[in-house]
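One structure is given here, and the rest of the page talks about it.
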There are 2 protein chains.
Amino acid sequence: MKDTNSLLNQINNKPLRERILDILRDAIVSGDLKPGQTLVETELAARFGVSRAPLREALQILNNEGLVETIPYHGTTVRRLTRTDIEELYSLRSVLETFAVRRIIAHNSAENIEVLRKLYDDMLAAAEAGDLALVNSIDRAFHDTLLELSQHSLLLSTWNVVSMRVRQVMALLNRRNSDLRTIAYNHLPIIDAIADNDEERAAALIQKHVAASGDLIAEGWSENGGEP
Amino acid sequence: MKDTNSLLNQINNKPLRERILDILRDAIVSGDLKPGQTLVETELAARFGVSRAPLREALQILNNEGLVETIPYHGTTVRRLTRTDIEELYSLRSVLETFAVRRIIAHNSAENIEVLRKLYDDMLAAAEAGDLALVNSIDRAFHDTLLELSQHSLLLSTWNVVSMRVRQVMALLNRRNSDLRTIAYNHLPIIDAIADNDEERAAALIQKHVAASGDLIAEGWSENGGEP
DNA sequence: CGTCTGTCGATTGTCGACAATCGACACAAT
DNA sequence: ATTGTGTCGATTGTCGACAATCGACAGACG
């Protein structure tokens, strides 16, 4: 076992392509790579110290996920987000999340409610501590958990693609610091409706919840997230 | 312009990866490549007369679409379809298609109805001619059209992935020749509900329509579509 | 002055060779 | 007989070099 360099060898059990993919994806959804920015294979390969092959494969996956756009023989750019994109993103998100909640209620269990309540408590604590990043993180975890609890792997993988892009949108528009506690509070009625097995109420609440944030985002959208 | 070989040069304006992708995808969804079958890169590359690079990229896209499964350093196989897969496939399909219909009704137009009626007429004609393949083809076109008319590109691309796998399922289970006219007839009420702008009725019909065929498929599913 | 044409540079697409990894099998030790 | 171990073969992962393609720009021509 030869550990001359530490960073690369510590998590060395994944193919290069996967590691590069994670790094690039994270850079895009966190807004470090701005929409419209061009990604040159040669450049990136040199920066990561790998050849173009695994890098190309990573870019290809990002392309399939809709995070970048590749024009043959011309280049790859971080995908630009139009207002229409955002509307589509949030409307589909609403549909997927509503479906998930209906399924959770269809085969409900006490543990589900516990898990969700725990997340709510954590979120509220983070909100009262004024920790915006943590609130956002738990917020994501809450919705991811809803999708996981639906026990629908195809739905989950679809969700992962959508939620990643939603995350990108939010990163590009650093969420206004509306009262953090309000963000947390908004999740409680949803948990209650699920606990009550009230499918219609839960569905309506989710739709309202998602539509609200979607409208908020679309409203303050300036159509160009990067340089022209 | 040197046309020594004909087949490759005729449609030469797309990257190799795309052409290979189309061929492989078609082979999978049409059932020529059976679930569980292993796809060896070297072998396929030789058969297509290309190097492994574009072939790998094609396989990667198929992997993202869920049509094949790649185990690192071990191999790629056509993904097996379990009963759970089929239930997930049809339940998500129902959700997506319902959403599409709701959107169509939300901004309806007379042309939409015309397009759908035209497809229905063609399907009926094919049914009366006893042309199973054509009926199936128009059936697919009908549902694809619903998704296109919804004017939601993200929904459409999600649909494309799902519908491809649905198509594979149907190919593996060569649809029993229940009366073809019945298949056609089933689509008429949906068109009528859309024409009437009756969102709830259309949504209910779509759900019933998809659930019916989903149950039919899942019922007669033998769990192993390929060799063990 | 406008338009067509050809060359150039940058980037992606493709190739063939080599390295890394994993499961299976044989074989030895207990 | 069982368990551990090492080697081997098959397959994917990675690399560096070369080819193909496209847009932009310059220059000739009307």
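Note on naming: chains are A, B, ... as they come in the structure tokens, residues start from 1 per chain, ligands start from 1 in the order shown.
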
Surrounding residues of region 77-85 of chain B excluding itself and chain neighbours under 4 positions, 9 Å, only C-alpha atoms (C1' of nucleotides), as an mmCIF file with N, CA, C and O atoms, in the first residue's frame:
```
data_model
loop_
_atom_site.group_PDB
_atom_site.id
_atom_site.type_symbol
_atom_site.label_atom_id
_atom_site.label_comp_id
_atom_site.auth_asym_id
_atom_site.auth_seq_id
_atom_site.Cartn_x
_atom_site.Cartn_y
_atom_site.Cartn_z
ATOM 1 N N HIS A 152 -39.809 4.161 -4.677
ATOM 2 C CA HIS A 152 -40.054 4.089 -6.120
ATOM 3 C C HIS A 152 -38.743 4.495 -6.782
ATOM 4 O O HIS A 152 -38.474 5.669 -6.982
ATOM 5 N N SER A 153 -37.928 3.512 -7.117
ATOM 6 C CA SER A 153 -36.569 3.832 -7.532
ATOM 7 C C SER A 153 -36.534 4.634 -8.829
ATOM 8 O O SER A 153 -35.686 5.505 -9.001
ATOM 9 N N LEU A 154 -37.453 4.358 -9.722
ATOM 10 C CA LEU A 154 -37.483 5.114 -10.968
ATOM 11 C C LEU A 154 -37.858 6.565 -10.715
ATOM 12 O O LEU A 154 -37.254 7.491 -11.271
ATOM 13 N N ILE B 28 -32.449 -3.004 -28.301
ATOM 14 C CA ILE B 28 -32.905 -3.340 -26.953
ATOM 15 C C ILE B 28 -34.413 -3.178 -26.826
ATOM 16 O O ILE B 28 -35.106 -4.085 -26.361
ATOM 17 N N LEU B 33 -32.108 -7.635 -28.432
ATOM 18 C CA LEU B 33 -31.153 -7.915 -27.360
ATOM 19 C C LEU B 33 -31.951 -8.204 -26.104
ATOM 20 O O LEU B 33 -32.663 -7.350 -25.591
ATOM 21 N N LYS B 34 -31.819 -9.408 -25.601
ATOM 22 C CA LYS B 34 -32.638 -9.842 -24.466
ATOM 23 C C LYS B 34 -32.061 -9.363 -23.142
ATOM 24 O O LYS B 34 -30.839 -9.247 -22.999
ATOM 25 N N PRO B 35 -32.911 -9.097 -22.163
ATOM 26 C CA PRO B 35 -32.430 -8.720 -20.831
ATOM 27 C C PRO B 35 -31.461 -9.758 -20.294
ATOM 28 O O PRO B 35 -31.677 -10.960 -20.455
ATOM 29 N N GLY B 36 -30.427 -9.306 -19.649
ATOM 30 C CA GLY B 36 -29.420 -10.200 -19.105
ATOM 31 C C GLY B 36 -28.275 -10.442 -20.063
ATOM 32 O O GLY B 36 -27.191 -10.825 -19.634
ATOM 33 N N GLN B 37 -28.521 -10.226 -21.336
ATOM 34 C CA GLN B 37 -27.466 -10.443 -22.323
ATOM 35 C C GLN B 37 -26.303 -9.489 -22.065
ATOM 36 O O GLN B 37 -26.496 -8.322 -21.771
ATOM 37 N N THR B 38 -25.077 -10.034 -22.170
ATOM 38 C CA THR B 38 -23.924 -9.182 -21.901
ATOM 39 C C THR B 38 -23.467 -8.495 -23.188
ATOM 40 O O THR B 38 -23.511 -9.082 -24.266
ATOM 41 N N LEU B 39 -23.063 -7.268 -23.030
ATOM 42 C CA LEU B 39 -22.572 -6.477 -24.162
ATOM 43 C C LEU B 39 -21.091 -6.209 -23.945
ATOM 44 O O LEU B 39 -20.723 -5.416 -23.075
ATOM 45 N N VAL B 40 -20.258 -6.869 -24.684
ATOM 46 C CA VAL B 40 -18.818 -6.709 -24.535
ATOM 47 C C VAL B 40 -18.331 -5.636 -25.500
ATOM 48 O O VAL B 40 -18.584 -5.712 -26.700
ATOM 49 N N ASN B 63 -26.800 3.453 -20.391
ATOM 50 C CA ASN B 63 -26.767 3.241 -18.957
ATOM 51 C C ASN B 63 -27.551 4.327 -18.223
ATOM 52 O O ASN B 63 -28.355 4.045 -17.342
ATOM 53 N N GLY B 66 -31.125 3.863 -18.345
ATOM 54 C CA GLY B 66 -31.643 2.717 -17.614
ATOM 55 C C GLY B 66 -31.884 1.496 -18.473
ATOM 56 O O GLY B 66 -32.516 0.545 -18.027
ATOM 57 N N LEU B 67 -31.391 1.491 -19.690
ATOM 58 C CA LEU B 67 -31.624 0.336 -20.560
ATOM 59 C C LEU B 67 -30.571 -0.744 -20.347
ATOM 60 O O LEU B 67 -30.835 -1.922 -20.580
ATOM 61 N N VAL B 68 -29.378 -0.362 -19.954
ATOM 62 C CA VAL B 68 -28.352 -1.344 -19.648
ATOM 63 C C VAL B 68 -27.796 -1.042 -18.259
ATOM 64 O O VAL B 68 -28.067 0.014 -17.684
ATOM 65 N N GLU B 69 -27.051 -1.997 -17.765
ATOM 66 C CA GLU B 69 -26.488 -1.861 -16.429
ATOM 67 C C GLU B 69 -25.005 -2.158 -16.538
ATOM 68 O O GLU B 69 -24.616 -3.202 -17.057
ATOM 69 N N THR B 70 -24.176 -1.250 -16.074
ATOM 70 C CA THR B 70 -22.740 -1.447 -16.173
ATOM 71 C C THR B 70 -22.137 -1.635 -14.796
ATOM 72 O O THR B 70 -22.310 -0.795 -13.916
ATOM 73 N N ILE B 71 -21.458 -2.731 -14.605
ATOM 74 C CA ILE B 71 -20.737 -2.968 -13.363
ATOM 75 C C ILE B 71 -19.264 -2.717 -13.643
ATOM 76 O O ILE B 71 -18.687 -3.339 -14.542
ATOM 77 N N LEU B 89 -42.573 1.603 -13.736
ATOM 78 C CA LEU B 89 -42.616 2.186 -15.075
ATOM 79 C C LEU B 89 -44.021 2.681 -15.403
ATOM 80 O O LEU B 89 -44.209 3.834 -15.815
ATOM 81 N N TYR B 90 -44.989 1.845 -15.194
ATOM 82 C CA TYR B 90 -46.345 2.222 -15.573
ATOM 83 C C TYR B 90 -46.936 3.259 -14.627
ATOM 84 O O TYR B 90 -47.713 4.111 -15.054
ATOM 85 N N VAL B 169 -40.684 -3.339 -22.737
ATOM 86 C CA VAL B 169 -41.531 -4.296 -22.032
ATOM 87 C C VAL B 169 -42.551 -4.907 -22.986
ATOM 88 O O VAL B 169 -42.744 -6.128 -23.025
ATOM 89 N N ALA B 218 -48.156 -6.578 -16.198
ATOM 90 C CA ALA B 218 -47.570 -7.103 -14.969
ATOM 91 C C ALA B 218 -48.140 -8.486 -14.652
ATOM 92 O O ALA B 218 -47.438 -9.364 -14.142
ATOM 93 N N GLU B 219 -49.398 -8.648 -14.959
ATOM 94 C CA GLU B 219 -50.055 -9.927 -14.689
ATOM 95 C C GLU B 219 -49.351 -11.071 -15.401
ATOM 96 O O GLU B 219 -49.042 -12.105 -14.797
ATOM 97 N N TRP B 221 -46.410 -11.410 -16.470
ATOM 98 C CA TRP B 221 -44.963 -11.259 -16.485
ATOM 99 C C TRP B 221 -44.292 -12.436 -15.801
ATOM 100 O O TRP B 221 -44.654 -12.825 -14.699
ATOM 101 N N SER B 222 -43.303 -13.003 -16.466
ATOM 102 C CA SER B 222 -42.705 -14.232 -15.936
ATOM 103 C C SER B 222 -41.415 -13.966 -15.167
ATOM 104 O O SER B 222 -40.705 -14.881 -14.808
ATOM 105 N N GLU B 223 -41.120 -12.715 -14.962
ATOM 106 C CA GLU B 223 -39.990 -12.291 -14.108
ATOM 107 C C GLU B 223 -38.622 -12.499 -14.756
ATOM 108 O O GLU B 223 -37.670 -11.830 -14.409
ATOM 109 N N ASN B 224 -38.510 -13.431 -15.667
ATOM 110 C CA ASN B 224 -37.215 -13.579 -16.331
ATOM 111 C C ASN B 224 -37.387 -13.473 -17.854
ATOM 112 O O ASN B 224 -37.821 -14.403 -18.505
ATOM 113 N N GLY B 225 -37.023 -12.313 -18.369
ATOM 114 C CA GLY B 225 -37.174 -12.113 -19.813
ATOM 115 C C GLY B 225 -36.011 -12.689 -20.602
ATOM 116 O O GLY B 225 -36.048 -12.754 -21.815
ATOM 117 N N GLY B 226 -34.974 -13.103 -19.929
ATOM 118 C CA GLY B 226 -33.822 -13.647 -20.647
ATOM 119 C C GLY B 226 -33.340 -14.918 -19.988
ATOM 120 O O GLY B 226 -34.030 -15.492 -19.159
#
```

Could you give me the residues within region 23-166 of chain A that DSSP places in alpha helix (DSSP H), as a compact mmCIF listing (two decimals) with N, CA and C atoms, in the first residue's frame?
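Ended up saving to out00.txt:
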```
# COMPACT_ATOMS: atom_id res chain seq x y z
N ILE A 23 -17.21 16.19 -9.04
CA ILE A 23 -16.61 17.51 -8.87
C ILE A 23 -17.29 18.53 -9.79
N LEU A 24 -17.42 18.17 -11.06
CA LEU A 24 -18.01 19.11 -12.01
C LEU A 24 -19.47 19.40 -11.68
N ARG A 25 -20.19 18.34 -11.36
CA ARG A 25 -21.61 18.52 -11.05
C ARG A 25 -21.78 19.44 -9.86
N ASP A 26 -20.94 19.21 -8.87
CA ASP A 26 -21.03 20.05 -7.68
C ASP A 26 -20.71 21.50 -8.01
N ALA A 27 -19.72 21.68 -8.89
CA ALA A 27 -19.33 23.05 -9.26
C ALA A 27 -20.48 23.73 -10.00
N ILE A 28 -21.23 22.96 -10.78
CA ILE A 28 -22.32 23.57 -11.54
C ILE A 28 -23.51 23.88 -10.63
N VAL A 29 -23.93 22.91 -9.85
CA VAL A 29 -25.13 23.14 -9.05
C VAL A 29 -24.87 24.13 -7.92
N GLU A 41 -12.52 20.48 -23.12
CA GLU A 41 -12.06 19.19 -22.63
C GLU A 41 -10.56 19.20 -22.32
N THR A 42 -9.78 19.71 -23.25
CA THR A 42 -8.33 19.72 -23.06
C THR A 42 -7.95 20.45 -21.77
N GLU A 43 -8.57 21.61 -21.61
CA GLU A 43 -8.29 22.43 -20.44
C GLU A 43 -8.59 21.68 -19.15
N LEU A 44 -9.81 21.17 -19.07
CA LEU A 44 -10.23 20.49 -17.84
C LEU A 44 -9.39 19.26 -17.58
N ALA A 45 -9.09 18.52 -18.64
CA ALA A 45 -8.29 17.32 -18.47
C ALA A 45 -6.94 17.68 -17.86
N ALA A 46 -6.35 18.77 -18.36
CA ALA A 46 -5.06 19.20 -17.82
C ALA A 46 -5.21 19.61 -16.36
N ARG A 47 -6.28 20.33 -16.07
CA ARG A 47 -6.46 20.81 -14.71
C ARG A 47 -6.62 19.65 -13.73
N PHE A 48 -7.36 18.62 -14.15
CA PHE A 48 -7.55 17.47 -13.24
C PHE A 48 -6.38 16.49 -13.31
N ARG A 52 -8.29 12.90 -21.66
CA ARG A 52 -9.59 13.41 -22.07
C ARG A 52 -10.68 12.35 -21.99
N ALA A 53 -10.29 11.08 -22.06
CA ALA A 53 -11.30 10.02 -22.12
C ALA A 53 -12.28 10.05 -20.93
N PRO A 54 -11.78 9.93 -19.70
CA PRO A 54 -12.74 9.95 -18.58
C PRO A 54 -13.45 11.28 -18.45
N LEU A 55 -12.76 12.34 -18.84
CA LEU A 55 -13.40 13.64 -18.75
C LEU A 55 -14.56 13.77 -19.71
N ARG A 56 -14.36 13.28 -20.91
CA ARG A 56 -15.44 13.28 -21.91
C ARG A 56 -16.64 12.52 -21.38
N GLU A 57 -16.37 11.38 -20.76
CA GLU A 57 -17.48 10.57 -20.27
C GLU A 57 -18.24 11.29 -19.17
N ALA A 58 -17.49 12.01 -18.33
CA ALA A 58 -18.17 12.79 -17.30
C ALA A 58 -19.04 13.87 -17.93
N LEU A 59 -18.50 14.56 -18.93
CA LEU A 59 -19.27 15.61 -19.58
C LEU A 59 -20.53 15.04 -20.24
N GLN A 60 -20.38 13.84 -20.77
CA GLN A 60 -21.51 13.22 -21.44
C GLN A 60 -22.66 12.97 -20.46
N ILE A 61 -22.29 12.51 -19.28
CA ILE A 61 -23.33 12.26 -18.28
C ILE A 61 -23.99 13.57 -17.88
N LEU A 62 -23.17 14.60 -17.69
CA LEU A 62 -23.75 15.90 -17.35
C LEU A 62 -24.68 16.37 -18.46
N ASN A 63 -24.32 16.05 -19.68
CA ASN A 63 -25.17 16.42 -20.81
C ASN A 63 -26.52 15.70 -20.72
N ASN A 64 -26.47 14.41 -20.39
CA ASN A 64 -27.70 13.66 -20.26
C ASN A 64 -28.57 14.19 -19.12
N ARG A 83 -36.34 31.52 -18.22
CA ARG A 83 -37.50 31.53 -17.34
C ARG A 83 -38.38 30.31 -17.61
N THR A 84 -38.49 29.93 -18.87
CA THR A 84 -39.27 28.74 -19.20
C THR A 84 -38.68 27.50 -18.55
N ASP A 85 -37.35 27.40 -18.57
CA ASP A 85 -36.71 26.26 -17.91
C ASP A 85 -37.15 26.18 -16.46
N ILE A 86 -37.15 27.31 -15.80
CA ILE A 86 -37.47 27.31 -14.38
C ILE A 86 -38.91 26.91 -14.15
N GLU A 87 -39.79 27.43 -14.99
CA GLU A 87 -41.19 27.05 -14.85
C GLU A 87 -41.36 25.55 -15.05
N GLU A 88 -40.69 25.02 -16.07
CA GLU A 88 -40.80 23.59 -16.32
C GLU A 88 -40.23 22.79 -15.15
N LEU A 89 -39.11 23.26 -14.66
CA LEU A 89 -38.46 22.58 -13.55
C LEU A 89 -39.38 22.49 -12.34
N TYR A 90 -39.94 23.61 -11.99
CA TYR A 90 -40.76 23.61 -10.78
C TYR A 90 -42.10 22.92 -10.99
N SER A 91 -42.64 23.00 -12.18
CA SER A 91 -43.92 22.31 -12.39
C SER A 91 -43.72 20.80 -12.37
N LEU A 92 -42.65 20.33 -12.98
CA LEU A 92 -42.41 18.89 -12.95
C LEU A 92 -42.05 18.43 -11.53
N ARG A 93 -41.28 19.26 -10.87
CA ARG A 93 -40.96 18.93 -9.49
C ARG A 93 -42.23 18.77 -8.68
N SER A 94 -43.15 19.65 -8.87
CA SER A 94 -44.40 19.56 -8.14
C SER A 94 -45.11 18.24 -8.41
N VAL A 95 -45.15 17.86 -9.66
CA VAL A 95 -45.81 16.60 -10.03
C VAL A 95 -45.12 15.41 -9.38
N LEU A 96 -43.80 15.38 -9.46
CA LEU A 96 -43.07 14.24 -8.91
C LEU A 96 -43.23 14.17 -7.40
N GLU A 97 -43.15 15.32 -6.77
CA GLU A 97 -43.21 15.32 -5.31
C GLU A 97 -44.62 14.96 -4.83
N THR A 98 -45.60 15.43 -5.54
CA THR A 98 -46.97 15.07 -5.18
C THR A 98 -47.18 13.57 -5.29
N PHE A 99 -46.68 13.02 -6.36
CA PHE A 99 -46.78 11.57 -6.55
C PHE A 99 -46.11 10.83 -5.40
N ALA A 100 -44.95 11.33 -5.01
CA ALA A 100 -44.21 10.67 -3.93
C ALA A 100 -45.03 10.69 -2.64
N VAL A 101 -45.61 11.84 -2.35
CA VAL A 101 -46.37 11.95 -1.10
C VAL A 101 -47.59 11.02 -1.14
N ARG A 102 -48.22 10.92 -2.28
CA ARG A 102 -49.37 10.01 -2.38
C ARG A 102 -48.93 8.58 -2.10
N ARG A 103 -47.79 8.22 -2.61
CA ARG A 103 -47.32 6.85 -2.38
C ARG A 103 -46.94 6.62 -0.92
N ILE A 104 -46.34 7.62 -0.32
CA ILE A 104 -46.00 7.46 1.10
C ILE A 104 -47.26 7.18 1.90
N ILE A 105 -48.29 7.95 1.62
CA ILE A 105 -49.53 7.77 2.37
C ILE A 105 -50.16 6.42 2.06
N ALA A 106 -49.98 5.95 0.83
CA ALA A 106 -50.59 4.68 0.44
C ALA A 106 -50.07 3.52 1.29
N ALA A 110 -45.31 4.53 10.93
CA ALA A 110 -44.99 5.50 11.97
C ALA A 110 -43.55 5.97 11.84
N GLU A 111 -42.69 5.08 11.38
CA GLU A 111 -41.27 5.48 11.28
C GLU A 111 -41.09 6.63 10.28
N ASN A 112 -41.84 6.57 9.20
CA ASN A 112 -41.76 7.65 8.22
C ASN A 112 -41.98 9.00 8.90
N ILE A 113 -43.05 9.07 9.68
CA ILE A 113 -43.39 10.33 10.33
C ILE A 113 -42.27 10.77 11.27
N GLU A 114 -41.72 9.80 11.96
CA GLU A 114 -40.63 10.13 12.88
C GLU A 114 -39.46 10.75 12.13
N VAL A 115 -39.07 10.11 11.06
CA VAL A 115 -37.94 10.62 10.28
C VAL A 115 -38.20 12.05 9.83
N LEU A 116 -39.40 12.28 9.34
CA LEU A 116 -39.72 13.62 8.84
C LEU A 116 -39.76 14.63 9.97
N ARG A 117 -40.32 14.23 11.09
CA ARG A 117 -40.37 15.16 12.23
C ARG A 117 -38.97 15.50 12.72
N LYS A 118 -38.12 14.51 12.71
CA LYS A 118 -36.74 14.75 13.12
C LYS A 118 -36.11 15.81 12.22
N LEU A 119 -36.31 15.66 10.92
CA LEU A 119 -35.75 16.64 9.99
C LEU A 119 -36.33 18.02 10.26
N TYR A 120 -37.63 18.03 10.53
CA TYR A 120 -38.26 19.33 10.82
C TYR A 120 -37.65 19.98 12.05
N ASP A 121 -37.46 19.19 13.10
CA ASP A 121 -36.86 19.73 14.32
C ASP A 121 -35.47 20.29 14.03
N ASP A 122 -34.68 19.54 13.28
CA ASP A 122 -33.34 20.01 12.94
C ASP A 122 -33.40 21.32 12.16
N MET A 123 -34.35 21.35 11.22
CA MET A 123 -34.45 22.55 10.39
C MET A 123 -34.82 23.75 11.24
N LEU A 124 -35.75 23.54 12.15
CA LEU A 124 -36.18 24.64 13.02
C LEU A 124 -35.01 25.11 13.90
N ALA A 125 -34.25 24.16 14.40
CA ALA A 125 -33.10 24.53 15.23
C ALA A 125 -32.11 25.35 14.42
N ALA A 126 -31.84 24.88 13.20
CA ALA A 126 -30.90 25.62 12.35
C ALA A 126 -31.45 27.00 12.03
N ALA A 127 -32.76 27.09 11.85
CA ALA A 127 -33.37 28.38 11.54
C ALA A 127 -33.21 29.34 12.71
N GLU A 128 -33.43 28.82 13.91
CA GLU A 128 -33.33 29.69 15.08
C GLU A 128 -31.89 30.08 15.35
N LEU A 132 -28.22 29.87 7.62
CA LEU A 132 -28.91 29.75 6.33
C LEU A 132 -28.47 28.51 5.56
N ALA A 133 -27.16 28.29 5.50
CA ALA A 133 -26.66 27.15 4.72
C ALA A 133 -27.22 25.84 5.26
N LEU A 134 -27.26 25.73 6.57
CA LEU A 134 -27.76 24.50 7.16
C LEU A 134 -29.26 24.34 6.92
N VAL A 135 -29.99 25.42 6.99
CA VAL A 135 -31.43 25.34 6.70
C VAL A 135 -31.64 24.86 5.27
N ASN A 136 -30.91 25.43 4.36
CA ASN A 136 -31.04 25.00 2.97
C ASN A 136 -30.71 23.52 2.82
N SER A 137 -29.64 23.12 3.46
CA SER A 137 -29.21 21.73 3.37
C SER A 137 -30.28 20.78 3.90
N ILE A 138 -30.85 21.12 5.04
CA ILE A 138 -31.88 20.26 5.63
C ILE A 138 -33.16 20.32 4.79
N ASP A 139 -33.42 21.50 4.24
CA ASP A 139 -34.57 21.62 3.35
C ASP A 139 -34.45 20.63 2.21
N ARG A 140 -33.28 20.61 1.57
CA ARG A 140 -33.06 19.62 0.50
C ARG A 140 -33.24 18.21 1.01
N ALA A 141 -32.64 17.95 2.17
CA ALA A 141 -32.73 16.60 2.74
C ALA A 141 -34.18 16.20 2.98
N PHE A 142 -34.99 17.16 3.41
CA PHE A 142 -36.39 16.88 3.68
C PHE A 142 -37.09 16.39 2.41
N HIS A 143 -36.90 17.13 1.35
CA HIS A 143 -37.58 16.75 0.11
C HIS A 143 -36.98 15.47 -0.48
N ASP A 144 -35.68 15.34 -0.37
CA ASP A 144 -35.08 14.07 -0.83
C ASP A 144 -35.66 12.89 -0.05
N THR A 145 -35.84 13.11 1.24
CA THR A 145 -36.38 12.03 2.06
C THR A 145 -37.80 11.66 1.63
N LEU A 146 -38.59 12.67 1.32
CA LEU A 146 -39.94 12.38 0.83
C LEU A 146 -39.87 11.43 -0.36
N LEU A 147 -38.95 11.74 -1.27
CA LEU A 147 -38.87 10.91 -2.47
C LEU A 147 -38.34 9.52 -2.15
N GLU A 148 -37.43 9.44 -1.19
CA GLU A 148 -36.91 8.12 -0.83
C GLU A 148 -37.98 7.27 -0.16
N LEU A 149 -38.75 7.91 0.69
CA LEU A 149 -39.78 7.16 1.42
C LEU A 149 -40.87 6.66 0.48
N SER A 153 -37.93 3.51 -7.12
CA SER A 153 -36.57 3.83 -7.53
C SER A 153 -36.53 4.63 -8.83
N LEU A 154 -37.45 4.36 -9.72
CA LEU A 154 -37.48 5.11 -10.97
C LEU A 154 -37.86 6.57 -10.71
N LEU A 155 -38.83 6.74 -9.84
CA LEU A 155 -39.21 8.11 -9.45
C LEU A 155 -38.03 8.81 -8.81
N LEU A 156 -37.32 8.10 -7.96
CA LEU A 156 -36.19 8.69 -7.26
C LEU A 156 -35.10 9.14 -8.22
N SER A 157 -34.80 8.31 -9.20
CA SER A 157 -33.73 8.70 -10.12
C SER A 157 -34.17 9.86 -11.00
N THR A 158 -35.45 9.89 -11.35
CA THR A 158 -35.95 11.06 -12.09
C THR A 158 -35.83 12.31 -11.24
N TRP A 159 -36.22 12.16 -9.98
CA TRP A 159 -36.15 13.27 -9.05
C TRP A 159 -34.74 13.81 -8.92
N ASN A 160 -33.77 12.91 -8.85
CA ASN A 160 -32.40 13.35 -8.65
C ASN A 160 -31.95 14.31 -9.74
N VAL A 161 -32.36 14.03 -10.96
CA VAL A 161 -31.99 14.92 -12.05
C VAL A 161 -32.66 16.28 -11.90
N VAL A 162 -33.95 16.23 -11.60
CA VAL A 162 -34.69 17.49 -11.47
C VAL A 162 -34.18 18.31 -10.28
N SER A 163 -33.97 17.64 -9.16
CA SER A 163 -33.62 18.38 -7.95
C SER A 163 -32.24 19.01 -8.07
N MET A 164 -31.38 18.33 -8.84
CA MET A 164 -30.06 18.91 -9.03
C MET A 164 -30.17 20.26 -9.73
N ARG A 165 -31.00 20.30 -10.72
CA ARG A 165 -31.13 21.56 -11.46
C ARG A 165 -31.85 22.62 -10.62
N VAL A 166 -32.78 22.16 -9.81
CA VAL A 166 -33.43 23.10 -8.90
C VAL A 166 -32.40 23.70 -7.97
```

Please extract the residues of region 14-161 of chain B with a backbone DSSP assignment of strand (DSSP E or B) and present them as a PDB file with N, CA and C atoms, in the first residue's frame.
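This went into result-v5.pdb:
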```pdb
ATOM      1  N   THR B  38     -25.077 -10.034 -22.170  1.00  0.00           N
ATOM      2  CA  THR B  38     -23.924  -9.182 -21.901  1.00  0.00           C
ATOM      3  C   THR B  38     -23.467  -8.495 -23.188  1.00  0.00           C
ATOM      4  N   LEU B  39     -23.063  -7.268 -23.030  1.00  0.00           N
ATOM      5  CA  LEU B  39     -22.572  -6.477 -24.162  1.00  0.00           C
ATOM      6  C   LEU B  39     -21.091  -6.209 -23.945  1.00  0.00           C
ATOM      7  N   VAL B  68     -29.378  -0.362 -19.954  1.00  0.00           N
ATOM      8  CA  VAL B  68     -28.352  -1.344 -19.648  1.00  0.00           C
ATOM      9  C   VAL B  68     -27.796  -1.042 -18.259  1.00  0.00           C
ATOM     10  N   GLU B  69     -27.051  -1.997 -17.765  1.00  0.00           N
ATOM     11  CA  GLU B  69     -26.488  -1.861 -16.429  1.00  0.00           C
ATOM     12  C   GLU B  69     -25.005  -2.158 -16.538  1.00  0.00           C
ATOM     13  N   THR B  70     -24.176  -1.250 -16.074  1.00  0.00           N
ATOM     14  CA  THR B  70     -22.740  -1.447 -16.173  1.00  0.00           C
ATOM     15  C   THR B  70     -22.137  -1.635 -14.796  1.00  0.00           C
ATOM     16  N   ILE B  71     -21.458  -2.731 -14.605  1.00  0.00           N
ATOM     17  CA  ILE B  71     -20.737  -2.968 -13.363  1.00  0.00           C
ATOM     18  C   ILE B  71     -19.264  -2.717 -13.643  1.00  0.00           C
ATOM     19  N   GLY B  75     -18.504  -5.589 -16.634  1.00  0.00           N
ATOM     20  CA  GLY B  75     -19.244  -5.762 -17.880  1.00  0.00           C
ATOM     21  C   GLY B  75     -20.552  -4.998 -17.929  1.00  0.00           C
ATOM     22  N   THR B  76     -21.100  -4.952 -19.106  1.00  0.00           N
ATOM     23  CA  THR B  76     -22.378  -4.291 -19.319  1.00  0.00           C
ATOM     24  C   THR B  76     -23.395  -5.318 -19.790  1.00  0.00           C
ATOM     25  N   THR B  77     -24.573  -5.282 -19.193  1.00  0.00           N
ATOM     26  CA  THR B  77     -25.622  -6.215 -19.594  1.00  0.00           C
ATOM     27  C   THR B  77     -26.910  -5.439 -19.856  1.00  0.00           C
ATOM     28  N   VAL B  78     -27.739  -6.003 -20.700  1.00  0.00           N
ATOM     29  CA  VAL B  78     -29.064  -5.432 -20.887  1.00  0.00           C
ATOM     30  C   VAL B  78     -29.820  -5.593 -19.573  1.00  0.00           C
TER      31      VAL B  78
END
```

Distance-based interface of chain B with chain C, 9 Å, counting only C-alpha atoms (C1' of nucleotides), as an MDAnalysis selection string: chainID B and resid 15:16 50:54 72:74

Distance cut-off 12 Å, counting only C-alpha atoms (C1' of nucleotides) - which residues of chain D neighbour chain B? Return them as a PyMOL selection string. chain D and resi 10-14+20-21
